[in-house]
Amino acid sequence: MMENSPIENDAVRRFSVFHRFLHIFVMISFTFLAVTGFSLSFSDQGWAGLVVSLLGGAESAAGFHRFCAALFYLVVVSHLIWLGYFKVVLKGRWTGSHTMIPNATDWENILQNFRYIFGKGEPPLFNRFSYLEKIDYWAVLLGMQSMGVTGLLMWHPEAFSAVLPGYAINIANEFHFHEAILAVGYIGVVHMTATHLTPEAFPLEKSIFNGRIARRRLKAEHPGEWKDRYAPTAPSEGTTDPADAAS
Amino acid sequence: MKHSVFPLNRWTPPAVIRRALPAMGLVVLLQFASIGAARGDTDWGKPFPAFESNWFVDMSRFSEGAHTGIDCGECHMEMVEGTKKHPDPEAPGYLKTDARERFDYGRCKRCHLKARERSLEGAHAEAMKQQQQRKRKADPTEAGQEDDAPYPAPTCGHCHSAHYDRSQRSRVEVGRAMTETCGACHPVEKATYLENYHGRAAVDLGHAEAAYCTDCHGAHTCISLKKEAETALSACRRCHPDAGKNFADIVIHYSTQRLADDDHPKRPAILRIYVAGLVSLAFISILLIGFYSHSFLLMLRKIHDKLRRPE
């Protein structure tokens, strides 16, 4: 059967080393941000006291939270710098079907996916990034801005209360906490199930860590990207593709 | 060879795990139950739960207290009530009165002069003055009728136990005990403080540098900070020397109960925080419900497809 032929199981490159590193940094700092932040939000629970004492007390837990936040924001900044490099040096395009920019196809894909969910159609044909992957990306990029602002407000209430009303700090606190719940709730369930808990990837989706994805999976899950990369050369199953060679 | 449709199907957990699963579930449930129980053990509304005052003095506890080594007479003087010795066994009802109402706490100043001077400047001394005025105005024929204030005006003994309070306690220990003591009469303030950063860090996480009740409201002075912005800001600046002009407007004791009080100076701020919080809560709830439904349904469909698809 073709699905299990060795060539179809061959891996092709999906993520560059740089992006894999950024993902690991985000993953680690996000986890520690959540753990340290929620140990303050739920400080009356036993586990929170344990976490904080393991980190050496409330002050160092707070310091660690801010360190992780800075690390996280550094990832955002390095990504933005990379976007500039991609455009200027690599002469890449910021818009188009292979980018994170939402477009009309995504909307069609959402509708198609619901048709598929309710048994009224075939699964949508995604491009390089599915709409859920785009939401993952924008949730981090935009969410990090608001988490950053509300976090800074609570970090330096003295300075900000000179220009903002006092209750702005309280509102920042509400927003920061709610958005943290949203972020952890989203990443913990939606992102995790969409990547690891699909029959194709279970039990572990490794492509964001090793950068590789099996040919047959790329073809099935990102047919748009497959077509962009391989259709012009009318792929015979055995050819080495330039993306593989480049890495 | 027929492939298993789902990799998990190929794996059967060892018998020991299968047998332990119900027990593990029970442990998790008990954990949640104990958290719930721990949350429920604060007895608000019961006045002065910090300690019980009683005519009986437990000498073993007294000997561990700060005042051990001081003779009874040094505080209690002659122990004579009128012409009779105290306590008077001829008057059985006597022992049923609150011991704290009988003791002249003015005597504490012999050693604790500073504390007494400060307390006389504060809100508790003011409450005592008002209580005495009410008593004087009250109809003498109704003497002995209970004051209708929610709590008696506190004297030294309402917050401190002269017999049993220990000395040499750490700042965190004193602060935690203080939260209970003050919270006995100020339950909303206690609850809101414990939800605020200060209470979480100081009481829950034992961070000694965070503020306890008296760090803002004054040790023994005990004043409300909601009326004068200047006083509040100077309290903030004890720990936040760079505090800006609006710093004291940050709501520490945030409670929606305050919305019922039209005259509360922070009511507008609390209303804005409440509305903003509701909006953000609604926002994340809608997003999470939407995304969770999407993920759940999609997963069901994918598993369904995988199971039905001919190999």
# chains A, B, ... in the order shown; residues from 1 in each chain; ligands from 1
>>> residues_around(residues="A:Gly143", least_positions_apart="5", cutoff="9 Å", atoms="only C-alpha atoms", output="short mmCIF file (atom, residue, chain, number, x, y, z; two decimals) with N, CA, C and O atoms, in the first residue's frame")
data_model
loop_
_atom_site.label_atom_id
_atom_site.label_comp_id
_atom_site.auth_asym_id
_atom_site.auth_seq_id
_atom_site.Cartn_x
_atom_site.Cartn_y
_atom_site.Cartn_z
N TRP A 138 -1.10 34.11 15.79
CA TRP A 138 -1.56 35.46 16.12
C TRP A 138 -1.92 35.58 17.59
O TRP A 138 -1.78 36.66 18.17
N GLY A 148 2.13 41.70 27.88
CA GLY A 148 3.30 42.53 28.18
C GLY A 148 2.90 43.86 28.80
O GLY A 148 3.45 44.27 29.82
N GLU A 179 -6.51 36.66 30.72
CA GLU A 179 -5.83 36.26 29.49
C GLU A 179 -4.90 35.08 29.75
O GLU A 179 -4.67 34.25 28.86
N ALA A 183 -4.93 31.77 27.70
CA ALA A 183 -3.74 31.25 27.05
C ALA A 183 -3.49 29.80 27.46
O ALA A 183 -3.27 28.93 26.61
#
>>> interface_residues(of="chain A", to="chain B", cutoff="6 Å", atoms="only C-alpha atoms", output="PyMOL selection string")
chain A and resi 43-44+49+58+117+158+161-162+165-167+171+174+182+190
>>> select_by_dssp(residues="stretch 97-245 of chain A", states="helix (DSSP H, G or I)", output="JSON, numbers by chain")
{"A": [104, 105, 106, 107, 108, 109, 110, 111, 112, 113, 114, 115, 116, 117, 131, 132, 133, 134, 135, 136, 137, 138, 139, 140, 141, 142, 143, 144, 145, 146, 147, 148, 149, 150, 151, 152, 153, 154, 155, 157, 158, 159, 160, 167, 168, 169, 170, 171, 172, 173, 174, 175, 176, 177, 178, 179, 180, 181, 182, 183, 184, 185, 186, 187, 188, 189, 190, 191, 192, 193, 194, 195, 207, 208, 209, 210, 215, 216, 217, 218, 219, 220, 221, 223, 224, 225, 226, 227, 228, 229, 230, 242, 243, 244, 245]}
>>> residues_around(residues="A:Val75", least_positions_apart="6", cutoff="10 Å", atoms="only C-alpha atoms", output="number ranges by chain")
A: 19, 21-26, 29, 69, 81, 141
>>> closest_residue(among="B:Cys239, B:Cys159, B:Val16, B:Val172", to="B:Asp215", atoms="only C-alpha atoms")
B:Cys239
>>> atom_distance(atom1="atom CA of A:Gln145", atom2="atom CA of A:Arg20")
21.5 Å
>>> residues_around(residues="A:Asn109", least_positions_apart="3", cutoff="8 Å", atoms="only C-alpha atoms", output="PyMOL selection string")
chain A and resi 105-106+112-113+124-126+131
>>> atom_distance(atom1="atom CA of B:Arg166", atom2="atom CA of B:Cys216")
23.3 Å
>>> closest_residue(among="B:Pro265, B:Ala125, B:Asp71, B:Gly157", to="B:Cys108", atoms="only C-alpha atoms")
B:Gly157
>>> atom_distance(atom1="atom CA of A:Ala139", atom2="atom CA of A:Val76")
11.9 Å
